[in-house]
>>> print(open('my_file_15.tsv').read())   # TSV, C-alpha atoms
chain	number	residue	atom	x	y	z
F	1	MET	CA	58.95	11.20	-31.79
F	2	THR	CA	57.91	10.75	-35.43
F	3	LEU	CA	56.88	13.57	-37.73
F	4	PHE	CA	53.39	12.06	-37.92
F	5	VAL	CA	52.93	12.23	-34.13
F	6	LEU	CA	54.20	15.81	-34.02
F	7	GLU	CA	51.88	16.88	-36.84
F	8	LYS	CA	48.89	15.22	-35.19
F	9	THR	CA	49.67	16.86	-31.84
F	10	LEU	CA	49.97	20.30	-33.44
F	11	ALA	CA	46.72	19.71	-35.35
F	12	LEU	CA	44.90	18.86	-32.13
F	13	LEU	CA	46.25	22.01	-30.49
F	14	ILE	CA	44.74	24.24	-33.19
F	15	MET	CA	41.35	22.52	-33.06
F	16	PRO	CA	38.70	24.40	-30.97
F	17	VAL	CA	39.14	22.07	-27.98
F	18	GLY	CA	42.92	22.44	-28.06
F	19	LEU	CA	42.81	26.21	-28.60
F	20	ILE	CA	40.63	26.71	-25.53
F	21	TRP	CA	43.15	24.72	-23.49
F	22	LEU	CA	46.02	26.81	-24.84
F	23	LEU	CA	44.14	29.99	-23.87
F	24	MET	CA	43.74	28.62	-20.35
F	25	LEU	CA	47.47	27.95	-20.13
F	26	ALA	CA	48.18	31.41	-21.54
F	27	ALA	CA	45.99	32.88	-18.80
F	28	VAL	CA	48.08	31.01	-16.22
F	29	LEU	CA	51.30	32.48	-17.61
F	30	LEU	CA	49.79	35.97	-17.75
F	31	CYS	CA	48.69	35.79	-14.11
F	32	LEU	CA	52.10	34.50	-13.05
F	33	SER	CA	53.88	37.29	-14.93
F	34	ARG	CA	51.82	39.80	-12.95
F	35	ARG	CA	52.27	37.87	-9.68
F	36	LEU	CA	48.55	37.22	-9.37
F	37	TRP	CA	49.02	33.97	-7.50
F	38	GLY	CA	45.37	33.30	-6.66
F	39	PRO	CA	44.03	33.79	-10.19
F	40	ALA	CA	47.01	31.84	-11.56
F	41	ALA	CA	46.16	28.88	-9.32
F	42	LEU	CA	42.49	29.05	-10.34
F	43	CYS	CA	43.34	29.16	-14.06
F	44	LEU	CA	45.75	26.26	-13.64
F	45	LEU	CA	43.09	24.23	-11.83
F	46	CYS	CA	40.59	24.91	-14.62
F	47	ALA	CA	43.15	23.94	-17.27
F	48	ALA	CA	43.96	20.71	-15.41
F	49	LEU	CA	40.28	19.75	-15.01
F	50	TYR	CA	39.63	20.57	-18.66
F	51	ALA	CA	42.58	18.41	-19.73
F	52	CYS	CA	41.35	15.50	-17.59
F	53	ALA	CA	37.80	15.73	-18.96
F	54	GLY	CA	39.15	15.72	-22.52
F	55	SER	CA	41.76	13.02	-21.97
F	56	THR	CA	41.31	9.89	-24.07
F	57	CYS	CA	43.28	7.96	-21.42
F	58	LEU	CA	40.86	8.90	-18.64
F	59	GLY	CA	37.86	8.40	-20.94
F	60	ASP	CA	39.05	4.91	-21.85
F	61	ALA	CA	39.55	4.06	-18.18
F	62	LEU	CA	36.09	5.31	-17.19
F	63	ILE	CA	34.12	3.62	-19.94
F	64	GLY	CA	36.33	0.53	-19.79
F	65	SER	CA	35.38	0.07	-16.13
F	66	LEU	CA	31.77	-0.33	-17.29
F	67	GLU	CA	32.40	-2.41	-20.40
F	68	ARG	CA	34.66	-4.93	-18.67
F	69	GLN	CA	31.75	-6.01	-16.46
F	70	PHE	CA	30.31	-7.82	-19.48
F	71	PRO	CA	33.10	-9.26	-21.69
F	72	PRO	CA	32.46	-10.00	-25.38
F	73	VAL	CA	30.74	-13.29	-26.19
F	74	ALA	CA	31.16	-15.14	-29.48
F	75	VAL	CA	27.86	-15.42	-31.34
F	76	ALA	CA	28.63	-19.00	-32.38
F	77	ALA	CA	28.99	-20.07	-28.74
F	78	LEU	CA	25.48	-18.95	-27.74
F	79	GLU	CA	22.43	-21.15	-27.37
F	80	PRO	CA	19.29	-19.88	-29.19
F	81	PHE	CA	17.16	-17.34	-27.37
F	82	ASP	CA	13.38	-17.14	-27.29
F	83	ALA	CA	13.69	-13.36	-27.50
F	84	VAL	CA	16.52	-10.89	-28.00
F	85	CYS	CA	15.55	-7.49	-26.60
F	86	VAL	CA	17.39	-4.54	-28.12
F	87	LEU	CA	17.34	-1.24	-26.26
F	88	GLY	CA	16.62	1.85	-28.36
F	89	GLY	CA	19.21	4.46	-29.17
F	90	GLY	CA	21.00	2.82	-32.07
F	91	SER	CA	19.22	4.58	-34.91
F	92	GLU	CA	19.04	8.06	-36.42
F	93	LEU	CA	17.13	9.65	-39.30
F	94	ASP	CA	18.94	11.02	-42.33
F	95	ALA	CA	18.05	14.30	-44.01
F	96	ALA	CA	15.23	12.57	-45.91
F	97	GLY	CA	13.78	11.03	-42.75
F	98	VAL	CA	15.03	7.53	-43.57
F	99	PRO	CA	16.35	5.41	-40.63
F	100	GLU	CA	20.09	4.78	-40.51
F	101	LEU	CA	22.53	3.37	-37.97
F	102	GLY	CA	23.58	5.93	-35.37
F	103	VAL	CA	26.69	6.16	-33.23
F	104	ALA	CA	25.46	3.24	-31.11
F	105	GLY	CA	24.09	1.35	-34.11
F	106	ASP	CA	26.26	-1.71	-33.51
F	107	ARG	CA	23.54	-3.02	-31.17
F	108	ILE	CA	21.11	-3.19	-34.11
F	109	PHE	CA	23.67	-4.95	-36.28
F	110	LEU	CA	24.55	-7.43	-33.50
F	111	ALA	CA	20.89	-8.42	-33.10
F	112	ALA	CA	20.58	-8.98	-36.86
F	113	ARG	CA	23.69	-11.18	-36.74
F	114	LEU	CA	22.10	-13.24	-33.95
F	115	TRP	CA	18.96	-13.84	-35.99
F	116	HIS	CA	20.87	-14.75	-39.16
F	117	ALA	CA	23.01	-17.15	-37.11
F	118	GLY	CA	19.89	-18.90	-35.79
F	119	LYS	CA	20.46	-17.65	-32.25
F	120	ALA	CA	17.29	-15.54	-31.93
F	121	ARG	CA	13.75	-16.73	-32.58
F	122	LEU	CA	12.38	-13.21	-32.10
F	123	LEU	CA	13.94	-9.75	-32.07
F	124	VAL	CA	12.22	-7.27	-29.75
F	125	THR	CA	12.72	-3.56	-30.43
F	126	SER	CA	11.78	-0.59	-28.28
F	127	GLY	CA	12.52	3.05	-27.60
F	128	ALA	CA	11.25	6.54	-28.23
F	129	ALA	CA	13.18	9.73	-28.90
F	130	TRP	CA	12.49	13.41	-29.33
F	131	ASP	CA	13.71	15.29	-32.37
F	132	GLY	CA	13.82	19.04	-31.80
F	133	ILE	CA	12.61	19.66	-35.36
F	134	ALA	CA	10.51	16.64	-36.31
F	135	GLY	CA	9.11	15.97	-32.84
F	136	PRO	CA	8.70	12.48	-31.32
F	137	ARG	CA	10.37	9.52	-33.02
F	138	ASP	CA	9.52	5.85	-32.74
F	139	ALA	CA	12.99	4.33	-32.36
F	140	GLY	CA	11.49	0.83	-32.32
F	141	GLN	CA	10.02	1.27	-35.79
F	142	GLU	CA	13.29	2.74	-37.02
F	143	THR	CA	15.13	-0.35	-35.81
F	144	ARG	CA	12.48	-2.56	-37.40
F	145	ALA	CA	13.03	-0.86	-40.78
F	146	LEU	CA	16.80	-1.39	-40.53
F	147	TRP	CA	16.40	-5.07	-39.68
F	148	ARG	CA	14.04	-5.60	-42.62
F	149	ALA	CA	16.61	-3.94	-44.88
F	150	VAL	CA	19.16	-6.63	-43.95
F	151	GLY	CA	16.84	-9.55	-44.49
F	152	VAL	CA	15.15	-10.09	-41.11
F	153	PRO	CA	11.49	-10.94	-41.83
F	154	ASP	CA	8.63	-9.06	-40.19
F	155	ALA	CA	7.47	-12.25	-38.49
F	156	ALA	CA	10.72	-12.32	-36.49
F	157	ILE	CA	10.39	-8.72	-35.25
F	158	LEU	CA	8.27	-7.56	-32.32
F	159	PRO	CA	8.13	-3.79	-31.72
F	160	VAL	CA	7.09	-2.79	-28.21
F	161	ARG	CA	3.72	-1.06	-28.48
F	162	GLU	CA	4.12	1.51	-25.70
F	163	PRO	CA	6.48	4.51	-26.03
F	164	CYS	CA	9.61	3.98	-23.93
F	165	TRP	CA	11.47	7.21	-23.18
F	166	ASN	CA	14.18	5.69	-21.01
F	167	THR	CA	15.69	2.34	-20.09
F	168	ARG	CA	13.41	1.89	-17.10
F	169	ASP	CA	10.36	2.15	-19.41
F	170	GLU	CA	11.87	-0.42	-21.77
F	171	ILE	CA	12.56	-2.90	-18.98
F	172	LYS	CA	8.94	-2.57	-17.79
F	173	ALA	CA	7.76	-3.29	-21.33
F	174	TYR	CA	9.98	-6.38	-21.57
F	175	ALA	CA	8.66	-7.62	-18.23
F	176	ARG	CA	5.09	-7.32	-19.54
F	177	LEU	CA	5.95	-9.22	-22.72
F	178	GLN	CA	7.79	-11.95	-20.84
F	179	ALA	CA	4.77	-12.48	-18.60
F	180	GLU	CA	2.42	-12.60	-21.60
F	181	ARG	CA	4.53	-14.87	-23.80
F	182	GLY	CA	6.36	-17.01	-21.28
F	183	TRP	CA	9.83	-16.54	-22.72
F	184	ARG	CA	12.46	-18.61	-20.91
F	185	ARG	CA	15.74	-17.60	-22.54
F	186	MET	CA	16.16	-13.90	-23.14
F	187	ALA	CA	19.09	-11.73	-24.17
F	188	LEU	CA	19.50	-8.01	-23.64
F	189	VAL	CA	21.51	-6.12	-26.27
F	190	SER	CA	22.85	-2.61	-25.77
F	191	SER	CA	26.09	-0.67	-25.72
F	192	ALA	CA	28.48	-2.51	-23.40
F	193	SER	CA	28.91	0.62	-21.27
F	194	HIS	CA	25.12	0.82	-20.78
F	195	LEU	CA	24.62	-2.81	-19.78
F	196	PRO	CA	25.54	-2.45	-16.07
F	197	ARG	CA	22.73	0.06	-15.56
F	198	ALA	CA	20.27	-1.84	-17.76
F	199	MET	CA	20.98	-5.17	-16.05
F	200	ALA	CA	20.53	-3.58	-12.62
F	201	LEU	CA	17.09	-2.33	-13.69
F	202	ALA	CA	16.25	-5.76	-15.12
F	203	SER	CA	17.24	-7.45	-11.88
F	204	ARG	CA	14.96	-5.14	-9.91
F	205	ALA	CA	12.14	-6.00	-12.31
F	206	GLY	CA	12.71	-9.74	-11.78
F	207	LEU	CA	13.98	-10.37	-15.31
F	208	THR	CA	16.86	-12.71	-16.17
F	209	PHE	CA	18.80	-11.77	-19.28
F	210	THR	CA	21.97	-12.89	-20.98
F	211	PRO	CA	23.76	-9.54	-21.48
F	212	LEU	CA	25.28	-8.96	-24.91
F	213	GLY	CA	27.37	-5.82	-25.26
F	214	ALA	CA	27.91	-3.88	-28.47
F	215	ASP	CA	29.54	-0.59	-29.44
F	216	ARG	CA	32.60	-0.97	-27.24
F	217	GLN	CA	34.52	2.31	-26.88
F	218	GLY	CA	37.16	1.71	-24.21
F	219	ARG	CA	40.47	0.37	-25.46
F	220	ARG	CA	44.07	0.20	-24.37
F	221	ARG	CA	46.29	2.61	-26.31
F	222	ALA	CA	50.05	2.84	-26.44
F	223	PHE	CA	51.01	6.25	-25.05
F	224	GLN	CA	51.64	8.95	-27.63
F	225	LEU	CA	52.32	12.65	-27.27
F	226	GLN	CA	48.93	13.73	-28.63
F	227	GLN	CA	47.18	12.03	-25.72
F	228	LEU	CA	48.34	14.88	-23.50
F	229	VAL	CA	46.13	17.27	-25.49
F	230	PRO	CA	42.42	17.35	-24.54
F	231	GLN	CA	40.29	16.37	-27.52
F	232	ALA	CA	36.69	15.90	-28.56
F	233	GLU	CA	36.92	12.10	-28.44
F	234	GLY	CA	38.03	12.22	-24.81
F	235	PHE	CA	35.15	14.50	-23.83
F	236	SER	CA	32.68	12.26	-25.65
F	237	ILE	CA	33.84	9.02	-24.01
F	238	SER	CA	34.04	10.57	-20.53
F	239	TYR	CA	30.57	12.06	-20.96
F	240	ARG	CA	29.07	8.69	-21.86
F	241	ALA	CA	30.70	6.99	-18.88
F	242	CYS	CA	29.64	9.70	-16.41
F	243	TRP	CA	26.11	9.59	-17.82
F	244	GLU	CA	25.92	5.86	-17.08
F	245	TYR	CA	27.23	6.28	-13.54
F	246	LEU	CA	24.74	9.09	-12.92
F	247	GLY	CA	21.85	7.03	-14.33
F	248	ARG	CA	22.82	4.07	-12.15
F	249	TRP	CA	22.92	6.31	-9.07
F	250	LEU	CA	19.47	7.77	-9.90
F	251	GLY	CA	18.00	4.35	-10.61
F	252	ARG	CA	17.07	5.16	-14.21
>>> encode(input="my_file_15.tsv", output="structure tokens")
Amino acid sequence: MTLFVLEKTLALLIMPVGLIWLLMLAAVLLCLSRRLWGPAALCLLCAALYACAGSTCLGDALIGSLERQFPPVAVAALEPFDAVCVLGGGSELDAAGVPELGVAGDRIFLAARLWHAGKARLLVTSGAAWDGIAGPRDAGQETRALWRAVGVPDAAILPVREPCWNTRDEIKAYARLQAERGWRRMALVSSASHLPRAMALASRAGLTFTPLGADRQGRRRAFQLQQLVPQAEGFSISYRACWEYLGRWLGR
């Protein structure tokens, strides 16, 4: 064990997520010292579930099971598409209300790369979001502004006109556009972990897409001591994976 690994493990243990876990383990020891076997077992179970939910290993396995369904594709190997449809969710607004790339912003960047490489005749953007302070946001227009900032001309961008609050709404909008414009080759761009659910919805709507995954989170990691400590990254990755499985089960 290197000094770096030890320092990182100790740092994770004194972060809020790690401290809560330590308190759970302390509660187990306290119950055992007082021979409160039932409460000790309950506290241990809670600590174990908490550790699993915050485990980067489990998070990687969960989200990787979704992402591996659609392996990465080299942009250069693709044939041009009539339309590249980009699901909303990749943008945020900064403090001044100016659009910027969000956590899942790689999907916006990937679509811009496709256009610049001559692989997309038209970029289609959609999505709506709700900001608790500012109110409703037009994610499609935010994406449009970001594309224009990196040199994609307005003539190559088609924002969906109707507000789309979830993926099912976006797929319906794409189906309408495909029927109106007669697109033959279409690509669907989103986070790789979201593509299984999105492609299932597209299939039910009778749409045929080439799936292009972005924002890949799952990765193989060599085991290190700090992975035994629950951490915010593990909770975040597991949450995203469970959200996708739940959405697929609900048909949304």
>>> closest_atom_pairs(input="my_file_15.tsv", of="segment 169-202 of chain F", to="segment 103-127 of chain F", cutoff="8 Å", atoms="only C-alpha atoms", output="JSON lines")
{"residue": "F:Glu170", "atom": "CA", "partner": "F:Ser126", "partner_atom": "CA", "distance": 6.5}
{"residue": "F:Val189", "atom": "CA", "partner": "F:Arg107", "partner_atom": "CA", "distance": 6.1}
{"residue": "F:Ser190", "atom": "CA", "partner": "F:Arg107", "partner_atom": "CA", "distance": 5.5}
{"residue": "F:Ser191", "atom": "CA", "partner": "F:Arg107", "partner_atom": "CA", "distance": 6.5}
>>> atom_distance(input="my_file_15.tsv", atom1="atom CA of Phe209 of chain F", atom2="atom CA of Cys85 of chain F")
9.1 Å
>>> atom_distance(input="my_file_15.tsv", atom1="atom CA of Gln227 of chain F", atom2="atom CA of Gln69 of chain F")
25.5 Å
>>> closest_residue(input="my_file_15.tsv", among="F:Gly213, F:Gly218, F:Pro163, F:Gly54", to="Trp21 of chain F", atoms="all atoms listed in the file")
F:Gly54
>>> residues_around(input="my_file_15.tsv", residues="segment 3-12 of chain F", least_positions_apart="3", cutoff="12 Å", atoms="all atoms listed in the file", output="list of chain:residue names")
F:Met15, F:Pro16, F:Val17, F:Gly18, F:Leu19, F:Ile20, F:Trp21, F:Leu22, F:Gly54, F:Phe223, F:Gln224, F:Leu225, F:Gln226, F:Gln227, F:Leu228, F:Val229, F:Pro230, F:Gln231, F:Ala232, F:Glu233
>>> write_last_selection(input="my_file_15.tsv", atoms="C-alpha atoms", output="PDB file, keeping the file's coordinate frame")
ATOM      1  CA  MET F  15      41.350  22.520 -33.060  1.00  0.00           C
ATOM      2  CA  PRO F  16      38.700  24.400 -30.970  1.00  0.00           C
ATOM      3  CA  VAL F  17      39.140  22.070 -27.980  1.00  0.00           C
ATOM      4  CA  GLY F  18      42.920  22.440 -28.060  1.00  0.00           C
ATOM      5  CA  LEU F  19      42.810  26.210 -28.600  1.00  0.00           C
ATOM      6  CA  ILE F  20      40.630  26.710 -25.530  1.00  0.00           C
ATOM      7  CA  TRP F  21      43.150  24.720 -23.490  1.00  0.00           C
ATOM      8  CA  LEU F  22      46.020  26.810 -24.840  1.00  0.00           C
ATOM      9  CA  GLY F  54      39.150  15.720 -22.520  1.00  0.00           C
ATOM     10  CA  PHE F 223      51.010   6.250 -25.050  1.00  0.00           C
ATOM     11  CA  GLN F 224      51.640   8.950 -27.630  1.00  0.00           C
ATOM     12  CA  LEU F 225      52.320  12.650 -27.270  1.00  0.00           C
ATOM     13  CA  GLN F 226      48.930  13.730 -28.630  1.00  0.00           C
ATOM     14  CA  GLN F 227      47.180  12.030 -25.720  1.00  0.00           C
ATOM     15  CA  LEU F 228      48.340  14.880 -23.500  1.00  0.00           C
ATOM     16  CA  VAL F 229      46.130  17.270 -25.490  1.00  0.00           C
ATOM     17  CA  PRO F 230      42.420  17.350 -24.540  1.00  0.00           C
ATOM     18  CA  GLN F 231      40.290  16.370 -27.520  1.00  0.00           C
ATOM     19  CA  ALA F 232      36.690  15.900 -28.560  1.00  0.00           C
ATOM     20  CA  GLU F 233      36.920  12.100 -28.440  1.00  0.00           C
TER      21      GLU F 233
END
>>> atom_distance(input="my_file_15.tsv", atom1="atom CA of Trp183 of chain F", atom2="atom CA of Phe81 of chain F")
8.7 Å
>>> closest_residue(input="my_file_15.tsv", among="F:Cys164, F:Met24, F:Leu201, F:Met186", to="Ala128 of chain F", atoms="all atoms listed in the file")
F:Cys164
>>> closest_residue(input="my_file_15.tsv", among="F:Cys43, F:Ala241, F:Ala202, F:Ile157", to="Asp60 of chain F", atoms="all atoms listed in the file")
F:Ala241
>>> closest_atom_pairs(input="my_file_15.tsv", of="segment 117-216 of chain F", to="segment 91-95 of chain F", cutoff="9 Å", atoms="only C-alpha atoms", output="tab-separated table")
residue	atom	partner	partner_atom	distance
F:Ala139	CA	F:Ser91	CA	6.7
F:Gly140	CA	F:Ser91	CA	9.0
F:Glu142	CA	F:Ser91	CA	6.6
F:Thr143	CA	F:Ser91	CA	6.5
F:Leu146	CA	F:Ser91	CA	8.5
>>> write_last_selection(input="my_file_15.tsv", atoms="C-alpha atoms", output="PDB file, in the coordinates of the input")
ATOM      1  CA  ALA F 139      12.990   4.330 -32.360  1.00  0.00           C
ATOM      2  CA  GLY F 140      11.490   0.830 -32.320  1.00  0.00           C
ATOM      3  CA  GLU F 142      13.290   2.740 -37.020  1.00  0.00           C
ATOM      4  CA  THR F 143      15.130  -0.350 -35.810  1.00  0.00           C
ATOM      5  CA  LEU F 146      16.800  -1.390 -40.530  1.00  0.00           C
TER       6      LEU F 146
END
>>> residues_around(input="my_file_15.tsv", residues="segment 249-251 of chain F", least_positions_apart="3", cutoff="9 Å", atoms="only C-alpha atoms", output="ChimeraX atom specification")
/F:168,197,200-201,244-246
>>> write_last_selection(input="my_file_15.tsv", atoms="C-alpha atoms", output="PDB file, keeping the file's coordinate frame")
ATOM      1  CA  ARG F 168      13.410   1.890 -17.100  1.00  0.00           C
ATOM      2  CA  ARG F 197      22.730   0.060 -15.560  1.00  0.00           C
ATOM      3  CA  ALA F 200      20.530  -3.580 -12.620  1.00  0.00           C
ATOM      4  CA  LEU F 201      17.090  -2.330 -13.690  1.00  0.00           C
ATOM      5  CA  GLU F 244      25.920   5.860 -17.080  1.00  0.00           C
ATOM      6  CA  TYR F 245      27.230   6.280 -13.540  1.00  0.00           C
ATOM      7  CA  LEU F 246      24.740   9.090 -12.920  1.00  0.00           C
TER       8      LEU F 246
END
>>> closest_residue(input="my_file_15.tsv", among="F:Arg148, F:Ser193, F:Ala96, F:Ser33", to="Tyr239 of chain F", atoms="only C-alpha atoms")
F:Ser193
>>> closest_residue(input="my_file_15.tsv", among="F:Ala214, F:Ala145, F:His194, F:Arg221", to="Ile63 of chain F", atoms="all atoms listed in the file")
F:His194
>>> residues_around(input="my_file_15.tsv", residues="Ala53 of chain F", least_positions_apart="5", cutoff="8 Å", atoms="all atoms listed in the file", output="VMD selection string")
chain F and resid 58 to 59 230 234 to 235 238
>>> decode(input="my_file_15.tsv", residues="segment 224-242 of chain F", atoms="N, CA and C atoms", output="mmCIF file, in the first residue's frame")
data_model
loop_
_atom_site.group_PDB
_atom_site.id
_atom_site.type_symbol
_atom_site.label_atom_id
_atom_site.label_comp_id
_atom_site.auth_asym_id
_atom_site.auth_seq_id
_atom_site.Cartn_x
_atom_site.Cartn_y
_atom_site.Cartn_z
ATOM 1 N N GLN F 224 -8.205 -0.928 -5.522
ATOM 2 C CA GLN F 224 -7.412 -0.173 -4.564
ATOM 3 C C GLN F 224 -8.205 -0.066 -3.267
ATOM 4 N N LEU F 225 -7.490 0.157 -2.184
ATOM 5 C CA LEU F 225 -8.102 0.155 -0.862
ATOM 6 C C LEU F 225 -9.274 1.119 -0.752
ATOM 7 N N GLN F 226 -9.175 2.303 -1.371
ATOM 8 C CA GLN F 226 -10.214 3.309 -1.219
ATOM 9 C C GLN F 226 -11.556 2.897 -1.823
ATOM 10 N N GLN F 227 -11.528 1.862 -2.679
ATOM 11 C CA GLN F 227 -12.780 1.410 -3.269
ATOM 12 C C GLN F 227 -13.684 0.727 -2.250
ATOM 13 N N LEU F 228 -13.124 0.358 -1.096
ATOM 14 C CA LEU F 228 -13.952 -0.243 -0.050
ATOM 15 C C LEU F 228 -14.781 0.805 0.688
ATOM 16 N N VAL F 229 -14.446 2.069 0.512
ATOM 17 C CA VAL F 229 -15.144 3.153 1.200
ATOM 18 C C VAL F 229 -16.252 3.682 0.300
ATOM 19 N N PRO F 230 -17.502 3.739 0.778
ATOM 20 C CA PRO F 230 -18.563 4.335 -0.047
ATOM 21 C C PRO F 230 -18.245 5.797 -0.328
ATOM 22 N N GLN F 231 -18.550 6.237 -1.550
ATOM 23 C CA GLN F 231 -18.204 7.601 -1.937
ATOM 24 C C GLN F 231 -19.250 8.175 -2.880
ATOM 25 N N ALA F 232 -19.223 9.496 -3.015
ATOM 26 C CA ALA F 232 -20.246 10.189 -3.789
ATOM 27 C C ALA F 232 -20.297 9.701 -5.238
ATOM 28 N N GLU F 233 -19.139 9.437 -5.829
ATOM 29 C CA GLU F 233 -19.105 8.967 -7.213
ATOM 30 C C GLU F 233 -19.856 7.652 -7.365
ATOM 31 N N GLY F 234 -19.693 6.750 -6.409
ATOM 32 C CA GLY F 234 -20.386 5.471 -6.463
ATOM 33 C C GLY F 234 -21.893 5.649 -6.388
ATOM 34 N N PHE F 235 -22.352 6.505 -5.471
ATOM 35 C CA PHE F 235 -23.788 6.776 -5.368
ATOM 36 C C PHE F 235 -24.319 7.359 -6.668
ATOM 37 N N SER F 236 -23.573 8.286 -7.262
ATOM 38 C CA SER F 236 -24.016 8.950 -8.482
ATOM 39 C C SER F 236 -24.159 7.963 -9.639
ATOM 40 N N ILE F 237 -23.157 7.112 -9.825
ATOM 41 C CA ILE F 237 -23.194 6.154 -10.937
ATOM 42 C C ILE F 237 -24.305 5.128 -10.724
ATOM 43 N N SER F 238 -24.432 4.613 -9.506
ATOM 44 C CA SER F 238 -25.485 3.635 -9.216
ATOM 45 C C SER F 238 -26.865 4.241 -9.413
ATOM 46 N N TYR F 239 -27.023 5.501 -8.998
ATOM 47 C CA TYR F 239 -28.305 6.187 -9.161
ATOM 48 C C TYR F 239 -28.682 6.269 -10.636
ATOM 49 N N ARG F 240 -27.730 6.666 -11.481
ATOM 50 C CA ARG F 240 -28.021 6.797 -12.903
ATOM 51 C C ARG F 240 -28.418 5.456 -13.505
ATOM 52 N N ALA F 241 -27.717 4.407 -13.131
ATOM 53 C CA ALA F 241 -28.031 3.085 -13.672
ATOM 54 C C ALA F 241 -29.407 2.620 -13.218
ATOM 55 N N CYS F 242 -29.702 2.772 -11.936
ATOM 56 C CA CYS F 242 -31.010 2.344 -11.414
ATOM 57 C C CYS F 242 -32.139 3.156 -12.025
#
